[in-house]
Amino acid sequence: MVQRKNLKGNKIGVMFGTFAPLHLGHLYSINIAKRENEGVLVLTSGSSTDRGAKFGLDLNKRFRYIRELFQDDDLVVVGKINEENIPTYPDGWNEWVTLLDYEVSRLCENSSPEVTVYVGEEIYKEKLEELRPEYKVSYIPRTSIPISATKIRENPQQYWSFITKPFQRHFTKKVLIMGSASGGKTVLSRDLAKTFNASWSPEFAREYQERFNVADEELNGKDYTYLYTEQYLQTSNIIEGDSNKGLVIADSSSMTTRGYDTEYLSVEPTLGKVTITQQERTTLDELYKSIVKREKWDVIFFVLPLSEYVDDGFRDMAMSDENTRWEFTNKLKEIISEAGFMDKVVFLGENSTKDSFFKDNYIKAVNYIRDELKIDVGQL
């Protein structure tokens, strides 16, 4: 249950900003304000066209991230000022301070608290002192922790340690490796993670099959519910975890699982497929749809089936002939297209020989991450 709380006390600090993102410089100022008052009201302010929204951080998302950050702090209450229907800055000051007054009255238990507003711009101090002389205004120079939201938006990985935890998930670059079996995906994803000192999300299906000693063609409907949910949770937990430095490489996703699910499971008895009930089919379809909508990928490296098919003891060797591998590859492409990720795909192996295939794929992937995602080797 969400703990909605109001500020207690007579002496209240107020901090406002776009907070796209809220970084350690902001946090430092909030902590100063908290120690000079009996509580702090943090207000994220903006509209659908502000600099945060243009970067995918709309007002409500920022509000939720900040409230998440302070969920365990009884001395901080988070609110928001929606500037959608007022003139844009530098106009609209009169309308804006009216919204400020409303949030103070709404979120403070005391009907007439002593308010100190903390600002990082001299012009803000001048305008607030002019329009609300009953408020104290304290100017905090932005020199204690030399960082800005602009710098972070321009190069989040370079300034990763300055981004507060909830906002880190937004700035994480997420890379997925896809393709039919035996294309070197696992080795490539692991090596890329090591090269960039990034977090790695391995293929959960491989771990699952090894744990229960079950081959591809033996997995049933219940197995696939685990594969869908656990792969998603594994990658999500890595993104949320302390080891995340701004880049996550994933060896599998719901789209890969979808390919194998529809390849091996059938409601109608079919040679070479595992029979499942219509209810199981519906459950898996809905589960996939719910998960794929939540997945976000910055690039999908798609490995074409140009390498030798290797028997690892779990792979279905009936999938080893060239025609079948290409049929499955085309199925994965259709799944990617239906999910709306085709514009994120970078194909690997198109112009390689069999001798240079694995090396070419590695070099192309490294160069893309460096040149397009703007993450250099050794940066994280």
# chains A, B, ... in the order shown; residues from 1 in each chain; ligands from 1

$ residues_around --residues "A:Leu100" --least-positions-apart "5" --cutoff "12 Å" --atoms "only C-alpha atoms" --output "ChimeraX atom specification"
/A:14-17,41-45,79-83,93-95,105-107,115,117,128,131-132,135

$ residues_around --residues "A:Glu114" --least-positions-apart "4" --cutoff "7 Å" --atoms "only C-alpha atoms" --output "PyMOL selection string"
chain A and resi 10-12

$ select_by_dssp --residues "stretch 163-240 of chain A" --states "helix (DSSP H, G or I)" --output "ChimeraX atom specification"
/A:165-171,185-195,204-212,216-218,221-240

$ closest_residue --among "A:Lys344, A:Arg294, A:Arg169, A:Lys245" --to "A:Gln379" --atoms "only C-alpha atoms"
A:Lys245

$ closest_residue --among "A:Pro141, A:Pro113, A:Gly246, A:Gly39" --to "A:Val77" --atoms "only C-alpha atoms"
A:Gly39

$ closest_residue --among "A:Tyr118, A:Leu24, A:Asn244, A:Phe167" --to "A:Lys61" --atoms "only C-alpha atoms"
A:Phe167

$ atom_distance --atom1 "atom CA of A:Ile276" --atom2 "atom CA of A:Thr329"
24.0 Å

$ residues_around --residues "A:Tyr208" --least-positions-apart "6" --cutoff "12 Å" --atoms "only C-alpha atoms" --output "MDAnalysis selection string"
chainID A and resid 202 214:216 219 223:228 230:231 314

$ residues_around --residues "A:Tyr89" --least-positions-apart "2" --cutoff "12 Å" --atoms "only C-alpha atoms" --output "PyMOL selection string"
chain A and resi 45-47+49-50+83-84+86-87+91-96+123-124

$ closest_residue --among "A:Pro305, A:Gly378, A:Gly13, A:Pro21" --to "A:Pro156" --atoms "only C-alpha atoms"
A:Pro21

$ residues_around --residues "A:Ser253" --least-positions-apart "2" --cutoff "7 Å" --atoms "only C-alpha atoms" --output "ChimeraX atom specification"
/A:231-232,255-257

$ closest_residue --among "A:Arg211, A:Lys151, A:Lys296, A:Arg35" --to "A:Thr172" --atoms "only C-alpha atoms"
A:Lys296

$ atom_distance --atom1 "atom CA of A:Leu271" --atom2 "atom CA of A:Thr324"
15.6 Å

$ residues_around --residues "A:Val292" --least-positions-apart "4" --cutoff "8 Å" --atoms "only C-alpha atoms" --output "list in words"
Ser254, Met255, Tyr288 and Ala339 of chain A

$ closest_residue --among "A:Glu68, A:Glu308, A:Glu210, A:Glu38" --to "A:Gly183" --atoms "only C-alpha atoms"
A:Glu308

$ atom_distance --atom1 "atom CA of A:Ser138" --atom2 "atom CA of A:Phe162"
23.6 Å
